[in-house]
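Novice: The structure file my_file00.cif (mmCIF, N, CA and C atoms) is provided below.
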```
data_model
loop_
_atom_site.label_atom_id
_atom_site.label_comp_id
_atom_site.auth_asym_id
_atom_site.auth_seq_id
_atom_site.Cartn_x
_atom_site.Cartn_y
_atom_site.Cartn_z
N MET A 1 -13.17 -34.48 10.72
CA MET A 1 -12.05 -34.08 9.92
C MET A 1 -12.12 -34.71 8.53
N LYS A 2 -12.56 -35.96 8.48
CA LYS A 2 -12.66 -36.66 7.21
C LYS A 2 -13.62 -35.93 6.27
N GLU A 3 -14.75 -35.44 6.82
CA GLU A 3 -15.72 -34.73 6.00
C GLU A 3 -15.11 -33.48 5.37
N PHE A 4 -14.27 -32.80 6.14
CA PHE A 4 -13.62 -31.60 5.62
C PHE A 4 -12.76 -31.94 4.41
N PHE A 5 -11.92 -32.93 4.52
CA PHE A 5 -11.04 -33.29 3.42
C PHE A 5 -11.82 -33.77 2.19
N GLU A 6 -12.97 -34.33 2.39
CA GLU A 6 -13.79 -34.77 1.27
C GLU A 6 -14.38 -33.59 0.50
N THR A 7 -14.45 -32.42 1.12
CA THR A 7 -15.00 -31.24 0.44
C THR A 7 -13.95 -30.51 -0.40
N LEU A 8 -12.69 -30.81 -0.20
CA LEU A 8 -11.63 -30.11 -0.93
C LEU A 8 -11.56 -30.60 -2.37
N THR A 9 -11.34 -29.65 -3.26
CA THR A 9 -11.18 -29.98 -4.67
C THR A 9 -9.72 -29.72 -5.04
N PRO A 10 -9.01 -30.76 -5.45
CA PRO A 10 -7.62 -30.52 -5.83
C PRO A 10 -7.57 -29.68 -7.09
N GLY A 11 -6.56 -28.87 -7.18
CA GLY A 11 -6.40 -28.03 -8.36
C GLY A 11 -4.95 -27.73 -8.62
N VAL A 12 -4.65 -27.50 -9.86
CA VAL A 12 -3.30 -27.15 -10.26
C VAL A 12 -3.41 -25.89 -11.11
N ILE A 13 -2.59 -24.92 -10.78
CA ILE A 13 -2.58 -23.67 -11.53
C ILE A 13 -1.51 -23.80 -12.62
N PRO A 14 -1.89 -23.65 -13.88
CA PRO A 14 -0.87 -23.68 -14.93
C PRO A 14 0.15 -22.56 -14.73
N ARG A 15 1.38 -22.82 -15.10
CA ARG A 15 2.46 -21.83 -14.90
C ARG A 15 2.08 -20.46 -15.44
N GLN A 16 1.54 -20.43 -16.65
CA GLN A 16 1.23 -19.14 -17.28
C GLN A 16 0.13 -18.38 -16.55
N ASN A 17 -0.61 -19.04 -15.67
CA ASN A 17 -1.68 -18.38 -14.93
C ASN A 17 -1.35 -18.14 -13.46
N PHE A 18 -0.15 -18.50 -13.04
CA PHE A 18 0.20 -18.41 -11.63
C PHE A 18 0.20 -16.96 -11.14
N ILE A 19 0.76 -16.07 -11.91
CA ILE A 19 0.76 -14.64 -11.60
C ILE A 19 0.09 -13.93 -12.77
N ASP A 20 -0.86 -13.09 -12.47
CA ASP A 20 -1.58 -12.35 -13.51
C ASP A 20 -0.79 -11.09 -13.85
N TRP A 21 0.19 -11.26 -14.75
CA TRP A 21 1.09 -10.16 -15.09
C TRP A 21 0.35 -9.01 -15.76
N ALA A 22 -0.67 -9.30 -16.53
CA ALA A 22 -1.43 -8.23 -17.20
C ALA A 22 -2.10 -7.34 -16.16
N LYS A 23 -2.65 -7.95 -15.12
CA LYS A 23 -3.30 -7.17 -14.06
C LYS A 23 -2.27 -6.35 -13.29
N ILE A 24 -1.10 -6.92 -13.04
CA ILE A 24 -0.03 -6.20 -12.35
C ILE A 24 0.41 -5.00 -13.18
N LYS A 25 0.58 -5.21 -14.49
CA LYS A 25 0.97 -4.11 -15.37
C LYS A 25 -0.09 -3.02 -15.37
N GLU A 26 -1.36 -3.42 -15.41
CA GLU A 26 -2.47 -2.47 -15.39
C GLU A 26 -2.43 -1.62 -14.11
N LYS A 27 -2.21 -2.28 -12.96
CA LYS A 27 -2.15 -1.54 -11.70
C LYS A 27 -0.94 -0.63 -11.66
N CYS A 28 0.19 -1.09 -12.17
CA CYS A 28 1.39 -0.24 -12.20
C CYS A 28 1.15 0.99 -13.06
N ASN A 29 0.51 0.82 -14.21
CA ASN A 29 0.20 1.96 -15.07
C ASN A 29 -0.77 2.91 -14.40
N LYS A 30 -1.73 2.36 -13.66
CA LYS A 30 -2.72 3.18 -12.97
C LYS A 30 -2.06 4.07 -11.91
N TYR A 31 -1.03 3.55 -11.26
CA TYR A 31 -0.36 4.28 -10.18
C TYR A 31 1.05 4.71 -10.57
N LEU A 32 1.28 5.00 -11.84
CA LEU A 32 2.61 5.36 -12.30
C LEU A 32 3.17 6.58 -11.58
N ASP A 33 2.33 7.59 -11.37
CA ASP A 33 2.80 8.79 -10.65
C ASP A 33 3.20 8.46 -9.22
N VAL A 34 2.47 7.56 -8.58
CA VAL A 34 2.78 7.16 -7.21
C VAL A 34 4.08 6.36 -7.19
N ILE A 35 4.24 5.47 -8.15
CA ILE A 35 5.46 4.68 -8.22
C ILE A 35 6.67 5.59 -8.44
N GLU A 36 6.51 6.60 -9.30
CA GLU A 36 7.59 7.55 -9.52
C GLU A 36 7.93 8.31 -8.23
N TYR A 37 6.90 8.65 -7.47
CA TYR A 37 7.14 9.31 -6.18
C TYR A 37 7.93 8.39 -5.25
N PHE A 38 7.51 7.13 -5.18
CA PHE A 38 8.22 6.18 -4.33
C PHE A 38 9.64 5.95 -4.81
N GLU A 39 9.86 5.96 -6.13
CA GLU A 39 11.22 5.83 -6.65
C GLU A 39 12.10 6.97 -6.17
N SER A 40 11.50 8.15 -6.00
CA SER A 40 12.29 9.29 -5.52
C SER A 40 12.73 9.11 -4.06
N LEU A 41 12.08 8.18 -3.36
CA LEU A 41 12.43 7.92 -1.95
C LEU A 41 13.45 6.79 -1.80
N GLN A 42 13.78 6.12 -2.90
CA GLN A 42 14.74 5.02 -2.81
C GLN A 42 16.06 5.53 -2.25
N GLY A 43 16.68 4.70 -1.45
CA GLY A 43 17.99 5.03 -0.90
C GLY A 43 17.93 5.85 0.38
N ARG A 44 16.74 6.27 0.79
CA ARG A 44 16.61 7.02 2.04
C ARG A 44 16.88 6.08 3.21
N LYS A 45 17.45 6.63 4.24
CA LYS A 45 17.63 5.87 5.48
C LYS A 45 16.27 5.70 6.14
N ALA A 46 16.14 4.64 6.89
CA ALA A 46 14.89 4.37 7.60
C ALA A 46 14.48 5.56 8.45
N SER A 47 15.47 6.19 9.09
CA SER A 47 15.17 7.32 9.98
C SER A 47 14.62 8.53 9.22
N GLU A 48 14.90 8.62 7.92
CA GLU A 48 14.43 9.74 7.11
C GLU A 48 13.09 9.45 6.43
N LEU A 49 12.81 8.18 6.21
CA LEU A 49 11.69 7.81 5.36
C LEU A 49 10.34 8.26 5.91
N ILE A 50 10.11 8.10 7.18
CA ILE A 50 8.81 8.48 7.75
C ILE A 50 8.56 9.97 7.55
N GLY A 51 9.55 10.79 7.81
CA GLY A 51 9.41 12.23 7.60
C GLY A 51 9.18 12.59 6.14
N GLU A 52 9.91 11.93 5.26
CA GLU A 52 9.75 12.18 3.82
C GLU A 52 8.34 11.77 3.36
N LEU A 53 7.89 10.62 3.83
CA LEU A 53 6.54 10.16 3.48
C LEU A 53 5.48 11.13 4.01
N ARG A 54 5.63 11.54 5.27
CA ARG A 54 4.68 12.48 5.87
C ARG A 54 4.63 13.77 5.05
N ASP A 55 5.80 14.32 4.73
CA ASP A 55 5.85 15.57 3.98
C ASP A 55 5.29 15.40 2.57
N GLY A 56 5.57 14.25 1.96
CA GLY A 56 5.04 13.98 0.64
C GLY A 56 3.52 13.89 0.64
N LEU A 57 2.98 13.21 1.64
CA LEU A 57 1.53 13.11 1.76
C LEU A 57 0.90 14.48 1.94
N LEU A 58 1.52 15.32 2.76
CA LEU A 58 0.95 16.65 3.03
C LEU A 58 1.05 17.58 1.82
N SER A 59 2.06 17.38 0.97
CA SER A 59 2.24 18.29 -0.15
C SER A 59 1.59 17.80 -1.44
N TYR A 60 1.20 16.55 -1.51
CA TYR A 60 0.60 15.99 -2.72
C TYR A 60 -0.85 16.46 -2.84
N ASP A 61 -1.27 16.84 -4.06
CA ASP A 61 -2.64 17.32 -4.26
C ASP A 61 -3.69 16.27 -3.90
N GLU A 62 -3.40 15.02 -4.18
CA GLU A 62 -4.33 13.93 -3.89
C GLU A 62 -3.63 12.87 -3.04
N PRO A 63 -3.49 13.10 -1.73
CA PRO A 63 -2.78 12.14 -0.88
C PRO A 63 -3.43 10.75 -0.88
N GLY A 64 -4.71 10.68 -1.21
CA GLY A 64 -5.39 9.39 -1.30
C GLY A 64 -4.77 8.50 -2.36
N ARG A 65 -4.26 9.09 -3.44
CA ARG A 65 -3.59 8.30 -4.49
C ARG A 65 -2.31 7.66 -3.96
N ILE A 66 -1.56 8.43 -3.17
CA ILE A 66 -0.33 7.87 -2.60
C ILE A 66 -0.69 6.73 -1.64
N LEU A 67 -1.66 6.97 -0.78
CA LEU A 67 -2.05 5.94 0.19
C LEU A 67 -2.58 4.70 -0.52
N LYS A 68 -3.50 4.89 -1.44
CA LYS A 68 -4.10 3.75 -2.15
C LYS A 68 -3.02 3.02 -2.95
N GLY A 69 -2.16 3.77 -3.62
CA GLY A 69 -1.08 3.15 -4.39
C GLY A 69 -0.11 2.38 -3.51
N ALA A 70 0.21 2.94 -2.35
CA ALA A 70 1.12 2.26 -1.42
C ALA A 70 0.51 0.95 -0.94
N PHE A 71 -0.75 1.01 -0.55
CA PHE A 71 -1.40 -0.22 -0.08
C PHE A 71 -1.52 -1.25 -1.21
N GLU A 72 -1.78 -0.79 -2.43
CA GLU A 72 -1.84 -1.72 -3.57
C GLU A 72 -0.47 -2.39 -3.77
N LEU A 73 0.59 -1.59 -3.73
CA LEU A 73 1.94 -2.17 -3.91
C LEU A 73 2.27 -3.15 -2.80
N LEU A 74 1.75 -2.91 -1.62
CA LEU A 74 2.00 -3.81 -0.49
C LEU A 74 1.03 -5.00 -0.49
N GLY A 75 0.14 -5.06 -1.49
CA GLY A 75 -0.73 -6.22 -1.63
C GLY A 75 -2.09 -6.09 -0.99
N HIS A 76 -2.45 -4.88 -0.56
CA HIS A 76 -3.75 -4.68 0.08
C HIS A 76 -4.63 -3.84 -0.84
N THR A 77 -5.77 -4.35 -1.22
CA THR A 77 -6.59 -3.65 -2.21
C THR A 77 -7.89 -3.08 -1.65
N GLY A 78 -8.14 -3.26 -0.39
CA GLY A 78 -9.39 -2.78 0.20
C GLY A 78 -9.37 -1.31 0.54
N ASP A 79 -10.52 -0.79 0.93
CA ASP A 79 -10.64 0.61 1.33
C ASP A 79 -10.35 0.82 2.81
N TYR A 80 -10.28 -0.28 3.54
CA TYR A 80 -9.99 -0.24 4.97
C TYR A 80 -8.73 -1.06 5.22
N TYR A 81 -7.95 -0.63 6.19
CA TYR A 81 -6.83 -1.46 6.63
C TYR A 81 -7.10 -1.78 8.11
N VAL A 82 -7.15 -3.06 8.42
CA VAL A 82 -7.43 -3.50 9.77
C VAL A 82 -6.35 -4.50 10.17
N SER A 83 -5.78 -4.28 11.34
CA SER A 83 -4.82 -5.23 11.91
C SER A 83 -5.09 -5.30 13.41
N ASP A 84 -4.20 -5.98 14.11
CA ASP A 84 -4.38 -6.05 15.56
C ASP A 84 -4.18 -4.69 16.23
N LYS A 85 -3.56 -3.73 15.52
CA LYS A 85 -3.30 -2.41 16.09
C LYS A 85 -4.03 -1.28 15.36
N ASP A 86 -4.56 -1.58 14.19
CA ASP A 86 -5.12 -0.52 13.35
C ASP A 86 -6.52 -0.86 12.88
N ASN A 87 -7.28 0.18 12.67
CA ASN A 87 -8.59 0.08 12.03
C ASN A 87 -8.79 1.41 11.34
N MET A 88 -8.36 1.49 10.09
CA MET A 88 -8.39 2.78 9.41
C MET A 88 -9.12 2.68 8.08
N GLU A 89 -9.84 3.74 7.78
CA GLU A 89 -10.43 3.90 6.46
C GLU A 89 -9.47 4.79 5.67
N ILE A 90 -8.94 4.27 4.60
CA ILE A 90 -7.91 4.97 3.84
C ILE A 90 -8.43 6.33 3.37
N HIS A 91 -9.64 6.38 2.86
CA HIS A 91 -10.22 7.63 2.35
C HIS A 91 -10.32 8.70 3.43
N THR A 92 -10.71 8.31 4.64
CA THR A 92 -10.85 9.28 5.73
C THR A 92 -9.50 9.91 6.06
N HIS A 93 -8.45 9.09 6.16
CA HIS A 93 -7.13 9.65 6.44
C HIS A 93 -6.65 10.53 5.29
N ALA A 94 -6.96 10.12 4.07
CA ALA A 94 -6.57 10.94 2.91
C ALA A 94 -7.24 12.31 2.97
N GLN A 95 -8.50 12.35 3.36
CA GLN A 95 -9.22 13.63 3.49
C GLN A 95 -8.60 14.49 4.59
N HIS A 96 -8.28 13.87 5.72
CA HIS A 96 -7.65 14.63 6.81
C HIS A 96 -6.31 15.19 6.38
N ILE A 97 -5.54 14.39 5.66
CA ILE A 97 -4.23 14.84 5.19
C ILE A 97 -4.40 15.99 4.20
N LYS A 98 -5.36 15.86 3.31
CA LYS A 98 -5.62 16.92 2.32
C LYS A 98 -5.98 18.23 3.02
N GLN A 99 -6.60 18.12 4.20
CA GLN A 99 -6.96 19.31 4.97
C GLN A 99 -5.80 19.77 5.86
N GLY A 100 -4.63 19.10 5.76
CA GLY A 100 -3.44 19.55 6.47
C GLY A 100 -3.14 18.85 7.78
N SER A 101 -3.77 17.73 8.05
CA SER A 101 -3.55 17.03 9.32
C SER A 101 -2.20 16.33 9.34
N GLU A 102 -1.26 16.92 10.08
CA GLU A 102 0.05 16.30 10.25
C GLU A 102 -0.06 15.00 11.04
N GLU A 103 -1.03 14.94 11.95
CA GLU A 103 -1.24 13.73 12.75
C GLU A 103 -1.60 12.54 11.86
N SER A 104 -2.54 12.74 10.94
CA SER A 104 -2.91 11.66 10.02
C SER A 104 -1.77 11.31 9.09
N ALA A 105 -1.07 12.32 8.60
CA ALA A 105 0.05 12.07 7.68
C ALA A 105 1.16 11.28 8.38
N THR A 106 1.44 11.63 9.61
CA THR A 106 2.48 10.92 10.37
C THR A 106 2.04 9.49 10.65
N TYR A 107 0.78 9.32 11.06
CA TYR A 107 0.25 7.99 11.33
C TYR A 107 0.37 7.10 10.09
N CYS A 108 -0.06 7.63 8.94
CA CYS A 108 -0.02 6.84 7.70
C CYS A 108 1.41 6.55 7.28
N ALA A 109 2.30 7.52 7.42
CA ALA A 109 3.71 7.30 7.06
C ALA A 109 4.33 6.21 7.94
N LYS A 110 4.06 6.26 9.24
CA LYS A 110 4.58 5.23 10.14
C LYS A 110 3.99 3.87 9.81
N LEU A 111 2.70 3.84 9.51
CA LEU A 111 2.04 2.58 9.18
C LEU A 111 2.66 1.97 7.92
N LEU A 112 2.82 2.76 6.87
CA LEU A 112 3.42 2.25 5.63
C LEU A 112 4.84 1.76 5.86
N PHE A 113 5.58 2.48 6.70
CA PHE A 113 6.93 2.05 7.05
C PHE A 113 6.89 0.71 7.77
N ASP A 114 6.00 0.60 8.77
CA ASP A 114 5.89 -0.64 9.54
C ASP A 114 5.44 -1.82 8.69
N LEU A 115 4.65 -1.55 7.65
CA LEU A 115 4.16 -2.62 6.78
C LEU A 115 5.21 -3.07 5.76
N GLY A 116 6.32 -2.35 5.70
CA GLY A 116 7.41 -2.81 4.84
C GLY A 116 7.61 -2.02 3.56
N LEU A 117 7.12 -0.79 3.50
CA LEU A 117 7.32 -0.01 2.30
C LEU A 117 8.80 0.17 1.97
N LEU A 118 9.63 0.32 3.00
CA LEU A 118 11.06 0.44 2.78
C LEU A 118 11.62 -0.77 2.06
N ASN A 119 11.15 -1.95 2.43
CA ASN A 119 11.58 -3.17 1.75
C ASN A 119 11.12 -3.16 0.30
N MET A 120 9.90 -2.68 0.06
CA MET A 120 9.38 -2.62 -1.30
C MET A 120 10.23 -1.65 -2.14
N LEU A 121 10.62 -0.54 -1.55
CA LEU A 121 11.44 0.43 -2.27
C LEU A 121 12.82 -0.13 -2.59
N ALA A 122 13.33 -0.95 -1.71
CA ALA A 122 14.65 -1.56 -1.93
C ALA A 122 14.58 -2.50 -3.12
#
```
Take the structure I supplied and represent it as structure tokens, if you would.
Specialist:
Amino acid sequence: MKEFFETLTPGVIPRQNFIDWAKIKEKCNKYLDVIEYFESLQGRKASELIGELRDGLLSYDEPGRILKGAFELLGHTGDYYVSDKDNMEIHTHAQHIKQGSEESATYCAKLLFDLGLLNMLA
């Protein structure tokens, strides 16, 4: 245990560098259309949100943008989402949704809801 602690390097993050606001602004600008879509869902009841998300994914020309934007807003930047219950490639589900798969759209809508998208919208 002592050897482990000897390998640690103490560090202090200056206040101005604690959150990279420029990067956050850049990501928000990149997904402005997605954020506007999510703003349109504000105030929905939990029972309505999954259906609204599913329908939005199915009707959007590029459902991958909604999925990628949602995961970015929730703090996940990878191309895969893996948890104890899930192992999904975001692009694959986006392609299935673009081809009209209600199953993929429902799965993704439920997943985003379970991950706390409703809290983010609030």
Novice: In Å, how far is it from CA of Leu118 (chain A) to CA of Gln42 (chain A)?
Specialist: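 Pair CA of Leu118 (chain A) / CA of Gln42 (chain A) returns 8.1 Å.
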Novice: Ranking A:Ser59, A:Ser83, A:Asn119, A:Thr7 by minimum distance to Ile97 (chain A) and counting all atoms listed in the file, which one comes first?
Specialist: A:Ser59
Novice: Which residue is closest to Lys98 (chain A)? Choose from A:Asp61, A:Met120, A:Gly75, A:Asp114 and count only C-alpha atoms.
Specialist: A:Asp61
Novice: As a list in words, which residues of chain A does DSSP assign to strand (DSSP E or B)?
Specialist: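 The strand (DSSP E or B) residues within chain A come out as Tyr80, Tyr81, Val82, Asn87, Met88 and Glu89 of chain A.
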Novice: Would you write out, as a ChimeraX atom specification, every residue that the PyMOL selection byres (((chain A and resi 58 and name CA) around 9) and name CA) captures in this file?
Specialist: /A:53-57,59-61,63,97-102,105
Novice: Give me, please, the distance in Å between CA of Gly69 (chain A) and CA of Tyr31 (chain A), quoted to one decimal.
Specialist: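 Between CA of Gly69 (chain A) and CA of Tyr31 (chain A) the gap works out to 5.9 Å.
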Novice: What gap, in Å, lies between CA of Cys108 (chain A) and CA of Asn29 (chain A)?
Specialist: 23.3 Å
Novice: Suppose a student applies the PyMOL selection byres (((chain A and resi 85 and name CA) around 12) and name CA) to this structure; what residues should they get, written as a compact mmCIF listing (two decimals) with N, CA and C atoms, in the frame of the given file?
Specialist:
```txt
# COMPACT_ATOMS: atom_id res chain seq x y z
N TYR A 81 -7.95 -0.63 6.19
CA TYR A 81 -6.83 -1.46 6.63
C TYR A 81 -7.10 -1.78 8.11
N VAL A 82 -7.15 -3.06 8.42
CA VAL A 82 -7.43 -3.50 9.77
C VAL A 82 -6.35 -4.50 10.17
N SER A 83 -5.78 -4.28 11.34
CA SER A 83 -4.82 -5.23 11.91
C SER A 83 -5.09 -5.30 13.41
N ASP A 84 -4.20 -5.98 14.11
CA ASP A 84 -4.38 -6.05 15.56
C ASP A 84 -4.18 -4.69 16.23
N ASP A 86 -4.56 -1.58 14.19
CA ASP A 86 -5.12 -0.52 13.35
C ASP A 86 -6.52 -0.86 12.88
N ASN A 87 -7.28 0.18 12.67
CA ASN A 87 -8.59 0.08 12.03
C ASN A 87 -8.79 1.41 11.34
N MET A 88 -8.36 1.49 10.09
CA MET A 88 -8.39 2.78 9.41
C MET A 88 -9.12 2.68 8.08
N TYR A 107 0.78 9.32 11.06
CA TYR A 107 0.25 7.99 11.33
C TYR A 107 0.37 7.10 10.09
N LEU A 111 2.70 3.84 9.51
CA LEU A 111 2.04 2.58 9.18
C LEU A 111 2.66 1.97 7.92
N ASP A 114 6.00 0.60 8.77
CA ASP A 114 5.89 -0.64 9.54
C ASP A 114 5.44 -1.82 8.69
N LEU A 115 4.65 -1.55 7.65
CA LEU A 115 4.16 -2.62 6.78
C LEU A 115 5.21 -3.07 5.76
```
Novice: Counting all atoms listed in the file, which of A:Arg15, A:Lys2, A:Leu112, A:His96 gets nearest to Phe71 (chain A)?
Specialist: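 Of all the options, A:Leu112 lies closest to Phe71 (chain A).
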Novice: For Ala70 (chain A), which residue out of A:Ile13, A:Lys45, A:Ile90, A:Ile24 is the nearest one, using only C-alpha atoms?
Specialist: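 Going through A:Ile13, A:Lys45, A:Ile90, A:Ile24 one by one, the smallest distance to Ala70 (chain A) is for A:Ile90.
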Novice: Once 6 Å is added on each side, what are the centre and the three edge lengths, in Å to one decimal, of the axis-aligned box enclosing the listed atoms of region 70-80 of chain A? Present them as AutoDock Vina command-line options.
Specialist:
```
--center_x -4.2 --center_y -1.6 --center_z 0.7 --size_x 24.9 --size_y 21.2 --size_z 21.1
```
Novice: Selection in question (the file shown): the PyMOL selection byres ((chain A and resi 34-41) around 6.5). Which residues does it include, as an NGL selection string?
Specialist: :A and (31-33 or 42-44 or 65-66 or 69 or 121)
Novice: Would you save the residues of that selection, restricted to N, CA and C atoms, as an mmCIF file, in the frame of the given file?
Specialist:
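File again_37.cif, as written:
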```cif
data_model
loop_
_atom_site.group_PDB
_atom_site.id
_atom_site.type_symbol
_atom_site.label_atom_id
_atom_site.label_comp_id
_atom_site.auth_asym_id
_atom_site.auth_seq_id
_atom_site.Cartn_x
_atom_site.Cartn_y
_atom_site.Cartn_z
ATOM 1 N N TYR A 31 -1.030 3.550 -11.260
ATOM 2 C CA TYR A 31 -0.360 4.280 -10.180
ATOM 3 C C TYR A 31 1.050 4.710 -10.570
ATOM 4 N N LEU A 32 1.280 5.000 -11.840
ATOM 5 C CA LEU A 32 2.610 5.360 -12.300
ATOM 6 C C LEU A 32 3.170 6.580 -11.580
ATOM 7 N N ASP A 33 2.330 7.590 -11.370
ATOM 8 C CA ASP A 33 2.800 8.790 -10.650
ATOM 9 C C ASP A 33 3.200 8.460 -9.220
ATOM 10 N N GLN A 42 13.780 6.120 -2.900
ATOM 11 C CA GLN A 42 14.740 5.020 -2.810
ATOM 12 C C GLN A 42 16.060 5.530 -2.250
ATOM 13 N N GLY A 43 16.680 4.700 -1.450
ATOM 14 C CA GLY A 43 17.990 5.030 -0.900
ATOM 15 C C GLY A 43 17.930 5.850 0.380
ATOM 16 N N ARG A 44 16.740 6.270 0.790
ATOM 17 C CA ARG A 44 16.610 7.020 2.040
ATOM 18 C C ARG A 44 16.880 6.080 3.210
ATOM 19 N N ARG A 65 -4.260 9.090 -3.440
ATOM 20 C CA ARG A 65 -3.590 8.300 -4.490
ATOM 21 C C ARG A 65 -2.310 7.660 -3.960
ATOM 22 N N ILE A 66 -1.560 8.430 -3.170
ATOM 23 C CA ILE A 66 -0.330 7.870 -2.600
ATOM 24 C C ILE A 66 -0.690 6.730 -1.640
ATOM 25 N N GLY A 69 -2.160 3.770 -3.620
ATOM 26 C CA GLY A 69 -1.080 3.150 -4.390
ATOM 27 C C GLY A 69 -0.110 2.380 -3.510
ATOM 28 N N LEU A 121 10.620 -0.540 -1.550
ATOM 29 C CA LEU A 121 11.440 0.430 -2.270
ATOM 30 C C LEU A 121 12.820 -0.130 -2.590
#
```
Novice: What parts of chain A does DSSP call alpha helix (DSSP H)? I'd like the answer as a PyMOL selection string.
Specialist: chain A and resi 2-7+21-30+32-40+46-59+63-73+90-98+102-114+117-121
Novice: With only N, CA and C atoms as the counted atoms, please give the residues lying no more than 7 Å from His91 (chain A), apart from itself and same-chain residues fewer than 3 positions off, as an mmCIF file with N, CA and C atoms, keeping the file's coordinate frame.
Specialist:
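Written output follows (around-v1.cif):
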```
data_model
loop_
_atom_site.group_PDB
_atom_site.id
_atom_site.type_symbol
_atom_site.label_atom_id
_atom_site.label_comp_id
_atom_site.auth_asym_id
_atom_site.auth_seq_id
_atom_site.Cartn_x
_atom_site.Cartn_y
_atom_site.Cartn_z
ATOM 1 N N GLY A 64 -4.710 10.680 -1.210
ATOM 2 C CA GLY A 64 -5.390 9.390 -1.300
ATOM 3 C C GLY A 64 -4.770 8.500 -2.360
ATOM 4 N N ASP A 79 -10.520 -0.790 0.930
ATOM 5 C CA ASP A 79 -10.640 0.610 1.330
ATOM 6 C C ASP A 79 -10.350 0.820 2.810
ATOM 7 N N TYR A 80 -10.280 -0.280 3.540
ATOM 8 C CA TYR A 80 -9.990 -0.240 4.970
ATOM 9 C C TYR A 80 -8.730 -1.060 5.220
ATOM 10 N N MET A 88 -8.360 1.490 10.090
ATOM 11 C CA MET A 88 -8.390 2.780 9.410
ATOM 12 C C MET A 88 -9.120 2.680 8.080
ATOM 13 N N ALA A 94 -6.960 10.120 4.070
ATOM 14 C CA ALA A 94 -6.570 10.940 2.910
ATOM 15 C C ALA A 94 -7.240 12.310 2.970
ATOM 16 N N GLN A 95 -8.500 12.350 3.360
ATOM 17 C CA GLN A 95 -9.220 13.630 3.490
ATOM 18 C C GLN A 95 -8.600 14.490 4.590
ATOM 19 N N HIS A 96 -8.280 13.870 5.720
ATOM 20 C CA HIS A 96 -7.650 14.630 6.810
ATOM 21 C C HIS A 96 -6.310 15.190 6.380
#
```
